[in-house]
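S.K.: Structure in structure tokens, see below.
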Amino acid sequence: MGNTEVTSIVSSCVRAGLEIFLEENPAAAKLLMDKVILAAKARSAASKAREMVQRKNVLTGSGLPGKLADCSSKEPEKSEIYLVEGDSAGGTAKQGRDREFQAILPLRGKILNVEKAQEYRIYENEEIKNMFTALGVRIEEREGERILNIDKLRYHKIIIMCDADVDGSHIVTLILTFFFRYMRPLIENGYIYIAAPPLYQVKKGKKAVYCWSDDDRDQAIIAFGGEGGVGVQRYKGLGEMNAEQLWETTMDPESRTLRQATIEDFEAADQVFSMLMGDEVPPRRAFIEANAKYAKLNI
């Protein structure tokens, strides 16, 4: 008896056993059918949502998101876009940017956690649709696989710029989770960056320095001769900086600090995103308890 015949017999037995089980357990049969129907509806909804994103994409000529302040340059390799947390910071960034090559897209609050959401909900999310449209990328079906087409990518620097606090770090993680799960080629090609806004401004008289950590702040105070006459401003958010300050600390290519997002180990990165952003609480709690002492608010 060959392997094919053995496989056929086993399959027949499994089907027969399943039919008997379902006949004898109608409640389980109904639950199974409900899950199958729900999964089919979810797949259909996700397909329709993806198609809607593509129809609204800039490649179809429907225009760019209303909140996007685009740059003048049409050369992707010279252009960059800032994904900014909130309309307030977005307004300041629009005032402080170099319009020639810097575009600004404000994002409303915390975007959807794609690790927990059903696929069709992801493509229906307004902020995610705006990112697809602004970037000029699209999802295509090739040989049964979904591929992100980045041939018409409009910017070769995509910079996530959020507040230097816990909420800002959470938003950065949400955006990175989205890019890792749905736009990973952008990370793999080196297009994703994270901005590093300062935590403090230390000032005495007309002299002022920006600090990115508590240690930097303390050293700046000492350099100014101690606390007497020294003013320290803690930036609680990007919106607390004026346009000139935001430019010279976080947006000026000559003085800013950018961290490039890279993937050194795909499996390890996949596990970390699943643990931090998924539904399983115990592994996340264990990770936080083991690593909380290493956490820093500054980027």
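Just remember, in the structure tokens the first chain shown is A, the second B, etc., residues are 1-based per chain, and ligands are 1-based in the order shown.
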Find the residues around region 68-73 of chain A up to 12 Å (only C-alpha atoms counted), leave out those fewer than 2 positions away in its own chain, and share them as number ranges by chain.
M.R.: A: 63-66, 75-84, 87, 90-95, 97-107, 127, 130-131, 133-135, 154-156
S.K.: Would you pick out the contacts of region 243-248 of chain A at 12 Å or less, using only C-alpha atoms, so that residues sharing its chain but fewer than 5 positions from it are not included, and give the list as a VMD selection string?
M.R.: chain A and resid 88 to 99 102 161 to 163 195 to 201 208 to 210 235 237 to 238 253 to 257
S.K.: By how many Å are CA of Gly239 (chain A) and CA of Glu85 (chain A) apart?
M.R.: 9.5 Å
S.K.: From the options A:Gly17, A:Gly278, A:Gly144, A:Gly205, which residue's atoms come nearest to Val114 (chain A), counting only C-alpha atoms?
M.R.: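 Closest to Val114 (chain A) of all the choices is A:Gly278.
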S.K.: Taking into account only C-alpha atoms, which residue in the set A:Met251, A:Leu112, A:Pro282, A:Glu264 is nearest to Ile171 (chain A)?
M.R.: A:Leu112
